[in-house]
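Here's model-v5.txt, which has compact mmCIF, C-alpha atoms:
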```txt
# COMPACT_ATOMS: atom_id res chain seq x y z
CA MET O 650 -47.49 -0.27 -27.19
CA ALA O 651 -49.91 -2.90 -28.37
CA GLU O 652 -52.65 -1.50 -26.13
CA THR O 653 -52.38 1.98 -27.55
CA ALA O 654 -52.54 0.55 -31.05
CA VAL O 655 -55.77 -1.28 -30.22
CA ALA O 656 -57.31 1.77 -28.56
CA GLU O 657 -56.40 3.87 -31.54
CA LYS O 658 -57.95 1.39 -33.88
CA LYS O 659 -61.21 1.32 -31.92
CA GLU O 660 -61.54 5.04 -31.96
CA GLY O 661 -60.60 5.01 -35.64
CA ILE O 662 -63.38 2.78 -36.97
CA SER O 663 -66.15 5.18 -37.74
CA PHE O 664 -67.49 6.46 -40.99
CA GLY O 665 -67.88 10.20 -40.72
CA LYS O 666 -67.30 13.04 -43.08
CA LYS O 667 -63.51 12.74 -42.83
CA GLU O 668 -63.55 9.08 -43.75
CA ARG O 669 -65.85 9.71 -46.68
CA ARG O 670 -63.47 12.34 -47.98
CA LEU O 671 -60.65 9.79 -47.86
CA LEU O 672 -62.66 7.63 -50.23
CA ILE O 673 -64.02 10.35 -52.51
CA ASP O 674 -61.07 12.71 -52.83
CA PRO O 675 -58.82 10.39 -54.87
CA LEU O 676 -61.58 10.00 -57.45
CA ASN O 677 -61.28 13.58 -58.50
CA GLU O 678 -59.56 16.29 -56.51
CA ASN O 679 -56.64 14.17 -55.40
CA ASN O 680 -56.61 11.65 -58.23
CA PRO O 681 -53.49 9.48 -58.18
CA ILE O 682 -52.86 9.78 -61.92
CA THR O 683 -53.98 13.26 -62.90
CA VAL O 684 -53.11 15.15 -59.70
CA GLN O 685 -50.52 13.17 -57.74
CA VAL O 686 -48.79 11.86 -60.91
CA LEU O 687 -48.35 8.34 -59.56
CA GLY O 688 -48.67 5.06 -61.44
CA ILE O 689 -48.29 6.45 -64.96
CA CYS O 690 -46.21 3.56 -66.32
CA SER O 691 -48.89 0.92 -65.90
CA ALA O 692 -51.53 3.38 -67.10
CA LEU O 693 -49.59 3.48 -70.35
CA ALA O 694 -48.81 -0.21 -70.56
CA VAL O 695 -52.10 -1.99 -69.92
CA THR O 696 -54.69 0.40 -71.28
CA SER O 697 -54.76 -0.63 -74.92
CA LEU O 698 -57.70 -2.93 -74.05
CA ILE O 699 -60.48 -2.66 -71.46
CA LEU O 700 -60.31 -6.17 -69.97
CA PRO O 701 -56.69 -6.02 -68.74
CA SER O 702 -57.30 -2.51 -67.40
CA LEU O 703 -60.27 -3.74 -65.39
CA VAL O 704 -58.37 -6.70 -63.92
CA ILE O 705 -55.38 -4.54 -63.05
CA SER O 706 -57.62 -1.94 -61.43
CA VAL O 707 -59.27 -4.52 -59.18
CA ALA O 708 -55.87 -5.96 -58.29
CA VAL O 709 -54.50 -2.51 -57.47
CA VAL O 710 -57.49 -1.68 -55.24
CA PHE O 711 -56.84 -4.90 -53.32
CA VAL O 712 -53.07 -4.47 -53.05
CA CYS O 713 -53.31 -0.78 -52.21
CA ALA O 714 -55.93 -1.27 -49.48
CA PHE O 715 -54.28 -4.18 -47.71
CA SER O 716 -50.69 -2.97 -48.02
CA SER O 717 -51.83 0.32 -46.45
CA LEU O 718 -53.56 -1.57 -43.67
CA ILE O 719 -50.56 -3.80 -42.92
CA THR O 720 -48.01 -0.99 -43.16
CA SER O 721 -50.11 1.21 -40.91
CA LEU O 722 -50.40 -1.56 -38.32
CA LEU O 723 -46.64 -2.04 -38.37
CA ARG O 724 -45.67 1.61 -38.76
CA LYS O 725 -44.37 2.05 -35.21
CA TYR O 726 -42.12 -0.99 -35.45
CA ILE O 727 -40.52 -0.29 -38.84
CA PRO O 728 -37.11 1.39 -38.50
CA ASN O 729 -36.88 4.39 -40.79
CA ALA O 730 -33.68 3.23 -42.48
CA VAL O 731 -35.12 -0.02 -43.86
CA ARG O 732 -38.73 1.08 -44.40
CA MET O 733 -38.62 0.78 -48.19
CA ILE O 734 -37.50 -2.81 -48.10
CA VAL O 735 -40.19 -3.67 -45.55
CA MET O 736 -42.87 -1.98 -47.68
CA LEU O 737 -41.70 -3.76 -50.80
CA VAL O 738 -41.83 -7.11 -49.06
CA ILE O 739 -45.43 -6.40 -47.97
CA ILE O 740 -46.38 -5.33 -51.49
CA ALA O 741 -44.63 -8.28 -53.11
CA PHE O 742 -46.44 -10.63 -50.71
CA LEU O 743 -49.85 -9.20 -51.63
CA VAL O 744 -49.08 -9.20 -55.35
CA THR O 745 -48.12 -12.86 -55.11
CA ILE O 746 -51.53 -13.56 -53.51
CA VAL O 747 -53.27 -11.77 -56.40
CA GLU O 748 -51.19 -13.65 -58.95
CA LEU O 749 -51.90 -17.07 -57.43
CA THR O 750 -55.62 -16.29 -57.02
CA LEU O 751 -55.91 -15.27 -60.63
CA LYS O 752 -53.96 -18.34 -61.72
CA ALA O 753 -56.35 -20.59 -59.79
CA PHE O 754 -59.65 -19.03 -60.79
CA SER O 755 -59.15 -17.49 -64.21
CA PHE O 756 -56.26 -19.02 -66.02
CA THR O 757 -56.91 -17.40 -69.40
CA VAL O 758 -56.86 -13.91 -67.91
CA TYR O 759 -53.77 -14.83 -65.94
CA LYS O 760 -52.03 -15.91 -69.14
CA GLN O 761 -52.79 -12.58 -70.77
CA LEU O 762 -51.67 -10.53 -67.81
CA ALA O 763 -48.81 -12.45 -66.23
CA VAL O 764 -46.18 -9.73 -66.67
CA TYR O 765 -48.41 -6.81 -65.75
CA ILE O 766 -49.53 -8.39 -62.48
CA GLY O 767 -45.89 -8.62 -61.43
CA LEU O 768 -45.45 -4.99 -62.35
CA ILE O 769 -47.95 -3.93 -59.66
CA ILE O 770 -44.97 -4.28 -57.31
CA THR O 771 -43.35 -1.35 -59.06
CA ASN O 772 -46.59 0.62 -59.36
CA CYS O 773 -45.77 3.88 -57.64
CA ILE O 774 -49.32 4.42 -56.36
CA VAL O 775 -49.04 1.62 -53.86
CA MET O 776 -45.63 2.63 -52.56
CA GLY O 777 -46.47 6.33 -52.82
CA ARG O 778 -49.54 6.02 -50.61
CA LEU O 779 -47.66 3.87 -48.11
CA GLU O 780 -44.93 6.46 -47.87
CA ALA O 781 -47.20 9.52 -47.86
CA PHE O 782 -50.19 8.31 -45.86
CA ALA O 783 -50.02 4.89 -44.23
CA MET O 784 -46.74 5.58 -42.41
CA ALA O 785 -48.40 8.48 -40.56
CA ASN O 786 -52.03 7.49 -40.07
CA ASN O 787 -54.07 4.89 -38.23
CA PRO O 788 -54.97 1.56 -39.88
CA TRP O 789 -58.65 2.26 -40.61
CA LYS O 790 -57.96 5.58 -42.32
CA SER O 791 -55.04 4.09 -44.25
CA PHE O 792 -57.27 1.23 -45.41
CA LEU O 793 -59.87 3.69 -46.73
CA ASP O 794 -57.19 5.80 -48.33
CA GLY O 795 -55.85 2.70 -50.08
CA ILE O 796 -59.30 1.79 -51.44
CA GLY O 797 -59.96 5.36 -52.53
CA ASN O 798 -56.69 5.67 -54.39
CA GLY O 799 -57.12 2.29 -56.03
CA LEU O 800 -60.56 3.34 -57.27
CA GLY O 801 -59.33 6.71 -58.51
CA TYR O 802 -56.58 4.95 -60.43
CA GLY O 803 -59.00 2.39 -61.86
CA ALA O 804 -61.43 5.07 -63.03
CA ILE O 805 -58.77 6.85 -65.07
CA LEU O 806 -57.47 3.54 -66.43
CA LEU O 807 -60.91 2.55 -67.69
CA ILE O 808 -61.51 5.92 -69.34
CA ILE O 809 -58.18 5.72 -71.18
CA ALA O 810 -58.76 2.09 -72.15
CA PHE O 811 -62.24 2.89 -73.49
CA PHE O 812 -60.92 5.44 -75.96
CA ARG O 813 -57.81 3.50 -76.89
CA GLU O 814 -59.70 0.30 -77.58
CA LEU O 815 -62.52 2.02 -79.43
CA PHE O 816 -60.28 4.03 -81.74
CA GLY O 817 -57.30 1.71 -81.85
CA LYS O 818 -59.05 -1.59 -82.46
CA GLY O 819 -62.64 -0.59 -83.19
CA THR O 820 -63.92 -2.86 -80.41
CA LEU O 821 -65.11 -2.63 -76.81
CA PHE O 822 -64.60 -5.23 -74.08
CA ALA O 823 -62.65 -7.52 -76.43
CA GLY O 824 -61.89 -10.86 -74.79
CA THR O 825 -64.98 -10.87 -72.56
CA PRO O 826 -68.35 -12.56 -73.23
CA ILE O 827 -69.89 -9.19 -74.01
CA ALA O 828 -67.29 -8.23 -76.61
CA LEU O 829 -68.55 -5.61 -78.99
CA ASN O 830 -66.96 -4.86 -82.30
CA ILE O 831 -68.37 -1.48 -82.98
CA ILE O 832 -66.74 0.46 -85.72
CA GLY O 833 -64.39 -0.67 -88.41
CA ALA O 834 -64.69 -2.79 -91.51
CA GLY O 835 -64.68 -6.56 -91.63
CA PRO O 836 -66.96 -9.51 -91.01
CA ASP O 837 -66.28 -9.68 -87.25
CA TYR O 838 -67.72 -6.31 -86.56
CA LEU O 839 -71.15 -5.85 -85.03
CA ILE O 840 -72.32 -3.17 -87.37
CA ASN O 841 -70.67 -4.31 -90.51
CA THR O 842 -72.28 -2.91 -93.54
CA GLU O 843 -69.88 -3.08 -96.39
CA THR O 844 -72.57 -1.50 -98.49
CA SER O 845 -73.41 1.25 -96.04
CA PHE O 846 -71.46 4.45 -95.99
CA LEU O 847 -72.27 5.10 -92.31
CA PHE O 848 -70.20 2.31 -90.75
CA GLY O 849 -67.31 0.24 -91.90
CA TRP O 850 -65.39 3.28 -93.02
CA TYR O 851 -63.20 3.26 -89.96
CA VAL O 852 -59.61 2.16 -90.38
CA ASN O 853 -57.96 1.14 -87.10
CA ASN O 854 -55.71 3.85 -85.82
CA ASN O 855 -52.38 2.36 -84.80
CA LEU O 856 -51.35 5.53 -83.01
CA MET O 857 -53.96 4.75 -80.35
CA VAL O 858 -52.37 1.37 -79.69
CA MET O 859 -49.03 2.98 -78.88
CA PRO O 860 -48.24 4.27 -75.36
CA ALA O 861 -47.90 7.80 -76.72
CA ALA O 862 -51.67 7.88 -77.28
CA ALA O 863 -52.23 7.30 -73.57
CA MET O 864 -50.07 10.35 -72.85
CA PHE O 865 -52.28 12.47 -75.10
CA ILE O 866 -55.47 11.11 -73.55
CA ILE O 867 -54.24 11.73 -70.00
CA GLY O 868 -53.20 15.23 -71.06
CA ILE O 869 -56.69 15.91 -72.39
CA LEU O 870 -58.29 14.40 -69.26
CA ILE O 871 -56.20 16.73 -67.13
CA TRP O 872 -57.30 19.63 -69.30
CA ILE O 873 -60.99 18.76 -68.88
CA GLN O 874 -60.65 18.10 -65.15
CA ARG O 875 -58.86 21.37 -64.45
CA ALA O 876 -61.21 23.35 -66.63
CA ARG O 877 -64.06 22.13 -64.40
CA PHE O 878 -62.15 22.46 -61.13
CA PRO O 879 -60.03 25.60 -61.50
CA LYS O 880 -58.50 25.26 -58.05
CA LEU O 881 -56.39 22.36 -59.36
CA VAL O 882 -54.69 24.55 -61.97
CA ASP O 883 -50.92 24.85 -61.53
CA VAL O 884 -50.14 28.44 -60.75
CA SER O 885 -46.40 28.15 -61.07
CA MET B 680 -10.48 -2.32 -78.44
CA LEU B 681 -13.31 -4.64 -79.33
CA LEU B 682 -14.46 -4.47 -75.72
CA LEU B 683 -14.43 -0.69 -75.78
CA ASP B 684 -16.34 -0.73 -79.06
CA SER B 685 -19.17 -2.82 -77.71
CA PHE B 686 -19.15 -0.75 -74.51
CA ILE B 687 -19.67 2.46 -76.49
CA ASN B 688 -22.25 0.83 -78.76
CA ILE B 689 -24.36 -0.34 -75.86
CA PHE B 690 -23.98 2.96 -74.07
CA LEU B 691 -25.18 4.93 -77.10
CA LYS B 692 -27.95 2.47 -77.84
CA ALA B 693 -29.27 2.62 -74.27
CA ALA B 694 -28.95 6.38 -74.05
CA PHE B 695 -30.40 7.46 -77.37
CA PHE B 696 -31.84 4.83 -79.67
CA GLU B 697 -33.67 2.85 -77.01
CA ASN B 698 -34.21 5.58 -74.47
CA MET B 699 -35.93 4.24 -71.35
CA VAL B 700 -38.45 7.05 -71.03
CA LEU B 701 -39.11 8.18 -74.55
CA ALA B 702 -38.94 4.87 -76.37
CA TYR B 703 -40.19 2.41 -73.75
CA PHE B 704 -42.14 4.83 -71.53
CA LEU B 705 -40.59 3.47 -68.36
CA GLY B 706 -40.08 5.56 -65.24
CA MET B 707 -42.79 8.02 -66.14
CA CYS B 708 -44.06 9.05 -62.70
CA SER B 709 -40.99 10.79 -61.43
CA PHE B 710 -40.16 11.92 -64.98
CA LEU B 711 -43.36 13.96 -65.15
CA ALA B 712 -43.59 15.05 -61.55
CA VAL B 713 -40.03 16.25 -60.97
CA SER B 714 -39.47 18.02 -64.30
CA LYS B 715 -40.83 21.39 -63.16
CA SER B 716 -37.41 22.99 -62.86
CA VAL B 717 -34.07 22.12 -64.41
CA LYS B 718 -32.34 22.20 -61.02
CA THR B 719 -34.36 19.44 -59.34
CA ALA B 720 -34.47 17.46 -62.59
CA PHE B 721 -30.69 17.58 -62.65
CA GLY B 722 -30.47 16.21 -59.10
CA LEU B 723 -32.94 13.41 -59.71
CA GLY B 724 -31.29 12.56 -63.02
CA LEU B 725 -27.92 12.16 -61.32
CA ALA B 726 -29.50 9.96 -58.64
CA VAL B 727 -31.03 7.75 -61.33
CA ILE B 728 -27.71 7.43 -63.20
CA PHE B 729 -26.07 6.44 -59.93
CA VAL B 730 -28.74 3.90 -58.94
CA LEU B 731 -28.96 2.36 -62.43
CA GLY B 732 -25.19 2.29 -62.87
CA PHE B 733 -24.69 0.45 -59.60
CA THR B 734 -27.71 -1.86 -59.46
CA MET B 735 -27.18 -3.20 -62.97
CA PRO B 736 -23.75 -4.83 -62.35
CA ILE B 737 -24.83 -6.01 -58.88
CA ASN B 738 -27.93 -7.61 -60.36
CA TRP B 739 -25.78 -9.12 -63.10
CA LEU B 740 -23.57 -10.71 -60.44
CA ILE B 741 -26.68 -11.98 -58.63
CA THR B 742 -28.19 -13.55 -61.74
CA THR B 743 -24.93 -15.12 -62.83
CA TYR B 744 -23.48 -16.35 -59.57
CA LEU B 745 -26.50 -16.85 -57.30
CA LEU B 746 -29.55 -17.58 -59.42
CA SER B 747 -28.32 -19.53 -62.44
CA ASP B 748 -27.87 -23.28 -62.32
CA THR B 749 -24.12 -22.87 -62.80
CA GLY B 750 -23.94 -20.55 -59.79
CA ILE B 751 -22.86 -21.34 -56.25
CA PHE B 752 -26.14 -23.01 -55.27
CA GLY B 753 -26.04 -25.18 -58.38
CA MET B 754 -29.74 -24.85 -59.11
CA ASP B 755 -32.09 -22.64 -61.04
CA LEU B 756 -33.38 -19.99 -58.64
CA THR B 757 -34.69 -17.49 -61.19
CA PHE B 758 -38.07 -17.33 -59.42
CA LEU B 759 -36.32 -15.31 -56.71
CA ARG B 760 -35.23 -12.72 -59.25
CA PHE B 761 -37.89 -10.08 -58.54
CA ILE B 762 -37.41 -10.07 -54.80
CA LEU B 763 -33.62 -9.95 -54.97
CA PHE B 764 -33.53 -7.26 -57.68
CA ILE B 765 -35.99 -5.11 -55.75
CA ALA B 766 -34.02 -5.59 -52.54
CA VAL B 767 -30.79 -4.46 -54.24
CA ILE B 768 -32.54 -1.45 -55.77
CA ALA B 769 -34.25 -0.51 -52.51
CA SER B 770 -31.05 -0.60 -50.51
CA MET B 771 -29.21 1.42 -53.16
CA VAL B 772 -31.97 4.05 -53.17
CA GLN B 773 -31.96 4.19 -49.39
CA LEU B 774 -28.23 4.86 -49.57
CA VAL B 775 -28.69 7.65 -52.12
CA GLU B 776 -31.45 9.13 -49.98
CA MET B 777 -29.20 9.27 -46.93
CA VAL B 778 -26.38 10.85 -48.93
CA ILE B 779 -28.60 13.53 -50.47
CA GLU B 780 -30.26 14.31 -47.13
CA LYS B 781 -26.83 14.79 -45.62
CA PHE B 782 -25.22 16.88 -48.34
CA SER B 783 -28.07 18.79 -49.97
CA PRO B 784 -31.10 19.21 -47.71
CA SER B 785 -32.72 21.66 -50.15
CA LEU B 786 -32.58 19.16 -53.00
CA TYR B 787 -33.84 16.53 -50.58
CA ASN B 788 -36.87 18.66 -49.76
CA SER B 789 -37.68 19.56 -53.35
CA LEU B 790 -37.53 15.93 -54.48
CA GLY B 791 -39.87 14.95 -51.63
CA ILE B 792 -41.61 11.64 -52.10
CA PHE B 793 -40.06 11.06 -55.51
CA LEU B 794 -36.68 10.23 -54.04
CA PRO B 795 -37.82 7.04 -52.27
CA LEU B 796 -39.99 6.37 -55.31
CA ILE B 797 -36.87 5.82 -57.44
CA THR B 798 -37.12 2.34 -55.94
CA VAL B 799 -40.32 1.72 -57.85
CA ASN B 800 -39.13 3.64 -60.89
CA CYS B 801 -39.91 1.05 -63.55
CA ALA B 802 -36.87 2.16 -65.55
CA ILE B 803 -34.61 0.65 -62.93
CA LEU B 804 -36.28 -2.71 -62.43
CA GLY B 805 -37.09 -2.76 -66.15
CA GLY B 806 -33.42 -2.09 -66.93
CA SER B 807 -32.32 -5.05 -64.85
CA LEU B 808 -34.89 -7.28 -66.53
CA PHE B 809 -33.82 -6.11 -70.00
CA MET B 810 -30.24 -6.84 -69.00
CA VAL B 811 -31.19 -10.42 -68.15
CA ALA B 812 -33.33 -10.87 -71.25
CA ARG B 813 -30.62 -9.61 -73.60
CA GLU B 814 -27.92 -11.75 -71.96
CA TYR B 815 -25.38 -8.97 -71.52
CA ASN B 816 -22.01 -9.77 -69.98
CA PHE B 817 -20.55 -7.85 -67.05
CA SER B 818 -18.98 -4.91 -68.89
CA GLU B 819 -22.01 -4.68 -71.18
CA SER B 820 -24.30 -4.51 -68.18
CA VAL B 821 -22.23 -1.65 -66.75
CA ALA B 822 -22.50 0.14 -70.10
CA PHE B 823 -26.23 -0.52 -70.28
CA GLY B 824 -26.80 0.75 -66.75
CA LEU B 825 -24.82 3.93 -67.26
CA GLY B 826 -26.25 4.50 -70.74
CA GLY B 827 -29.83 3.94 -69.62
CA GLY B 828 -29.31 6.29 -66.67
CA PHE B 829 -27.70 8.89 -68.92
CA GLY B 830 -30.59 8.65 -71.39
CA TRP B 831 -33.06 9.13 -68.55
CA PHE B 832 -31.04 12.07 -67.27
CA LEU B 833 -31.00 13.75 -70.70
CA ALA B 834 -34.70 13.15 -71.22
CA ILE B 835 -35.75 14.66 -67.89
CA LEU B 836 -33.40 17.58 -68.44
CA ALA B 837 -34.90 18.20 -71.89
CA LEU B 838 -38.46 18.05 -70.58
CA ALA B 839 -37.61 20.34 -67.65
CA ALA B 840 -36.01 22.86 -70.02
CA ILE B 841 -39.05 22.79 -72.33
CA ARG B 842 -41.38 23.19 -69.36
CA GLU B 843 -39.40 26.16 -68.05
CA LYS B 844 -39.63 27.89 -71.43
CA ILE B 845 -43.23 26.98 -72.11
CA ARG B 846 -44.29 28.74 -68.94
CA TYR B 847 -44.22 31.99 -70.90
CA SER B 848 -46.47 30.69 -73.68
CA ALA B 849 -50.17 31.40 -73.87
CA ILE B 850 -51.46 27.91 -73.05
CA PRO B 851 -55.06 27.61 -71.81
CA ALA B 852 -54.87 27.82 -68.02
CA PRO B 853 -56.25 24.32 -67.26
CA LEU B 854 -53.65 22.74 -69.51
CA ARG B 855 -50.74 24.55 -67.90
CA GLY B 856 -48.14 22.52 -66.07
CA LEU B 857 -48.96 18.85 -65.82
CA GLY B 858 -51.39 18.57 -68.74
CA MET B 859 -48.92 20.14 -71.13
CA ALA B 860 -46.12 17.97 -69.74
CA PHE B 861 -48.08 14.85 -70.68
CA ILE B 862 -48.70 16.06 -74.21
CA ILE B 863 -45.07 17.17 -74.68
CA THR B 864 -43.86 13.76 -73.48
CA GLY B 865 -46.21 12.05 -75.92
CA LEU B 866 -44.82 14.15 -78.76
CA MET B 867 -41.23 13.55 -77.68
CA GLY B 868 -42.02 9.82 -77.63
CA VAL B 869 -43.38 9.95 -81.17
CA ALA B 870 -40.26 11.81 -82.25
CA PHE B 871 -37.99 9.26 -80.57
CA MET B 872 -39.71 6.40 -82.39
CA SER B 873 -37.86 7.41 -85.52
CA LEU B 874 -34.58 6.66 -83.74
CA MET B 875 -35.64 3.15 -82.75
CA GLY B 876 -34.01 0.38 -84.71
CA ILE B 877 -30.86 2.28 -85.61
CA ASP B 878 -27.92 -0.03 -85.05
CA PRO B 879 -24.86 1.88 -83.79
CA SER B 880 -22.45 -0.86 -84.86
CA ALA B 881 -23.68 -0.46 -88.43
CA LEU B 882 -22.94 3.26 -88.19
CA ALA B 883 -19.40 2.53 -87.07
CA GLY B 884 -18.98 0.05 -89.92
CA ALA B 885 -20.08 2.61 -92.51
CA LYS B 886 -17.31 4.90 -91.42
```
Mind turning the file's structure into structure tokens?
Amino acid sequence: MAETAVAEKKEGISFGKKERRLLIDPLNENNPITVQVLGICSALAVTSLILPSLVISVAVVFVCAFSSLITSLLRKYIPNAVRMIVMLVIIAFLVTIVELTLKAFSFTVYKQLAVYIGLIITNCIVMGRLEAFAMANNPWKSFLDGIGNGLGYGAILLIIAFFRELFGKGTLFAGTPIALNIIGAGPDYLINTETSFLFGWYVNNNLMVMPAAAMFIIGILIWIQRARFPKLVDVS
Amino acid sequence: MLLLDSFINIFLKAAFFENMVLAYFLGMCSFLAVSKSVKTAFGLGLAVIFVLGFTMPINWLITTYLLSDTGIFGMDLTFLRFILFIAVIASMVQLVEMVIEKFSPSLYNSLGIFLPLITVNCAILGGSLFMVAREYNFSESVAFGLGGGFGWFLAILALAAIREKIRYSAIPAPLRGLGMAFIITGLMGVAFMSLMGIDPSALAGAK
């Protein structure tokens, strides 16, 4: 059993066209959020600012990639009846690593994100890919699939966060060293010209801070994506 | 009588005024993906009511008798909460999955991956965490579980019904299906915000 697993792994590590597709597909044609409809909850919860979205995206890429790898390595030994519990233990283990790493190296970010990091456990992308892909494919492919899906998720998260932060708070990258306060009135803003009529007219839109705004933005993203790639359109 | 009153209050509050999906936006993935037809939505909704209704009291027992410092271990074990809650939910979902596979293979096939994904439906873990945060007692936690599940059930049924009707409308092709579902959910959420903050006990008092 172990020998076949090793042989399979050896033959698996190559980077051909198929492997590239595993990485590229989730960015667009098989995007976890807009096509597979996985991981919506966190996409609504964390995207009111760019910084938390970025941290969560990196964490999800890590958790997704390694949980796929581990599950795929163990897939022949996991009994079908308890597979969910096994997967959740693997995911919870990886999320704990992320949490402790963040706590050790960037305590301020950890403070801001404590709850959301824990919620990666219940992010359906991770579990969804384990169930749909890693349980049936070899470790190398599952690893790539995990990275690809994490990246596809992160890309959408950052797009949503960009618009929500810009229109909801009038800033970009708030909380980072390169914070920009772009539109909006007040002394903290980069282009603050109380006398000018070009800037400073913007009043922060509280609708964009609410989760409902993320629903609208994802809806519009889906519209744009499917207008460009008509084969994704739902026929039913 | 007082017990029944608070039971009904919490049930109504969880089902309508603080709806899991439309007010807190929890449990979105399966909500959006499985709401294509009323029939599958109905099946998934029932499964969610069942899982929420059972996990909530079990998790209440776990927090009160295992994890609190007055429990059987006599020390504060709340850091184990996530793992234990998830384990309870996962085993309950596995049970539901086996039952559905046995009794309704067609429903089992149409739910596909979203049946095991009830485990990571944030509404369920979120419900248990709300239950702990709001310090409900046992009967209240039963009411909250059933009410939250019922609210989720109604919401997914409503969205599925809207989506079945809207299929005949002249929506731009790229927005059909999923895109429109997102926008409808956003609008339903905005509408439900006006219900937030209504206190059902005050309503009863006014009568």
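Ranking O:Ser706, O:Asn854, O:Thr750, O:Thr720 by their shortest atom-to-atom distance to Leu800 in chain O, with only C-alpha atoms included, puts O:Ser706 first.
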Exercise answer, chain O residues close to chain B, 6 Å and all atoms listed in the file, as a ChimeraX atom specification: /O:686-687,689-690,734,771,773,861,864-865,868,871-872,875-876,882-883
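Residue nearest Phe733 in chain B, chosen from B:Thr757, B:Glu780, B:Gly826, B:Met872 and counting all atoms listed in the file: B:Gly826.
Across the model, the gap from CA of Ile769 in chain O to CA of Gly799 in chain O is 11.7 Å.
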What is the distance, in Å and to one decimal place, between CA of Phe829 in chain B and CA of Met699 in chain B? 9.8 Å
Given the point (-42.2, 4.2, -46.2) in the file's coordinates, find the residues that have an atom at most 7 Å from it, counting only C-alpha atoms, and give them as number ranges by chain. O: 732-733, 736, 779-780, 784
Could you write those residues out with C-alpha atoms, as an mmCIF file, keeping the file's coordinate frame?
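File out.cif, as written:
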```
data_model
loop_
_atom_site.group_PDB
_atom_site.id
_atom_site.type_symbol
_atom_site.label_atom_id
_atom_site.label_comp_id
_atom_site.auth_asym_id
_atom_site.auth_seq_id
_atom_site.Cartn_x
_atom_site.Cartn_y
_atom_site.Cartn_z
ATOM 1 C CA ARG O 732 -38.730 1.080 -44.400
ATOM 2 C CA MET O 733 -38.620 0.780 -48.190
ATOM 3 C CA MET O 736 -42.870 -1.980 -47.680
ATOM 4 C CA LEU O 779 -47.660 3.870 -48.110
ATOM 5 C CA GLU O 780 -44.930 6.460 -47.870
ATOM 6 C CA MET O 784 -46.740 5.580 -42.410
#
```
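Between CA of Asn688 in chain B and CA of Gly824 in chain B the separation is 12.8 Å.
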Within 12 Å of (-36.1, -11.6, -59.7) (coordinates as in the file), grab all the protein and nucleic acid residues, counting all atoms listed in the file, and write them out as a ChimeraX atom specification. /O:741,767-768,770 /B:738-739,741-742,745-747,755-768,804-805,807-812
Residues at most 10 Å from range 720-723 of chain B, counting only C-alpha atoms, excluding those fewer than 2 positions away in the same chain, as a ChimeraX atom specification? /B:709-718,725-729,779,783,786-787,789-790,793-794,797,831-840
Take the residues from that selection and write them out as an mmCIF file, in the frame of the given file, keeping C-alpha atoms.
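Output file part_14.cif follows:
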```cif
data_model
loop_
_atom_site.group_PDB
_atom_site.id
_atom_site.type_symbol
_atom_site.label_atom_id
_atom_site.label_comp_id
_atom_site.auth_asym_id
_atom_site.auth_seq_id
_atom_site.Cartn_x
_atom_site.Cartn_y
_atom_site.Cartn_z
ATOM 1 C CA SER B 709 -40.990 10.790 -61.430
ATOM 2 C CA PHE B 710 -40.160 11.920 -64.980
ATOM 3 C CA LEU B 711 -43.360 13.960 -65.150
ATOM 4 C CA ALA B 712 -43.590 15.050 -61.550
ATOM 5 C CA VAL B 713 -40.030 16.250 -60.970
ATOM 6 C CA SER B 714 -39.470 18.020 -64.300
ATOM 7 C CA LYS B 715 -40.830 21.390 -63.160
ATOM 8 C CA SER B 716 -37.410 22.990 -62.860
ATOM 9 C CA VAL B 717 -34.070 22.120 -64.410
ATOM 10 C CA LYS B 718 -32.340 22.200 -61.020
ATOM 11 C CA LEU B 725 -27.920 12.160 -61.320
ATOM 12 C CA ALA B 726 -29.500 9.960 -58.640
ATOM 13 C CA VAL B 727 -31.030 7.750 -61.330
ATOM 14 C CA ILE B 728 -27.710 7.430 -63.200
ATOM 15 C CA PHE B 729 -26.070 6.440 -59.930
ATOM 16 C CA ILE B 779 -28.600 13.530 -50.470
ATOM 17 C CA SER B 783 -28.070 18.790 -49.970
ATOM 18 C CA LEU B 786 -32.580 19.160 -53.000
ATOM 19 C CA TYR B 787 -33.840 16.530 -50.580
ATOM 20 C CA SER B 789 -37.680 19.560 -53.350
ATOM 21 C CA LEU B 790 -37.530 15.930 -54.480
ATOM 22 C CA PHE B 793 -40.060 11.060 -55.510
ATOM 23 C CA LEU B 794 -36.680 10.230 -54.040
ATOM 24 C CA ILE B 797 -36.870 5.820 -57.440
ATOM 25 C CA TRP B 831 -33.060 9.130 -68.550
ATOM 26 C CA PHE B 832 -31.040 12.070 -67.270
ATOM 27 C CA LEU B 833 -31.000 13.750 -70.700
ATOM 28 C CA ALA B 834 -34.700 13.150 -71.220
ATOM 29 C CA ILE B 835 -35.750 14.660 -67.890
ATOM 30 C CA LEU B 836 -33.400 17.580 -68.440
ATOM 31 C CA ALA B 837 -34.900 18.200 -71.890
ATOM 32 C CA LEU B 838 -38.460 18.050 -70.580
ATOM 33 C CA ALA B 839 -37.610 20.340 -67.650
ATOM 34 C CA ALA B 840 -36.010 22.860 -70.020
#
```
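Using only C-alpha atoms, the smallest distance between any of B:Thr743, B:Thr734, B:Ser785, B:Ser685 and Met771 in chain B comes from B:Thr734.
The smallest atom-to-atom distance between Pro701 in chain O and any of O:Leu762, O:Ala863, O:Ile796, O:Val858, using all atoms listed in the file, is found for O:Leu762.
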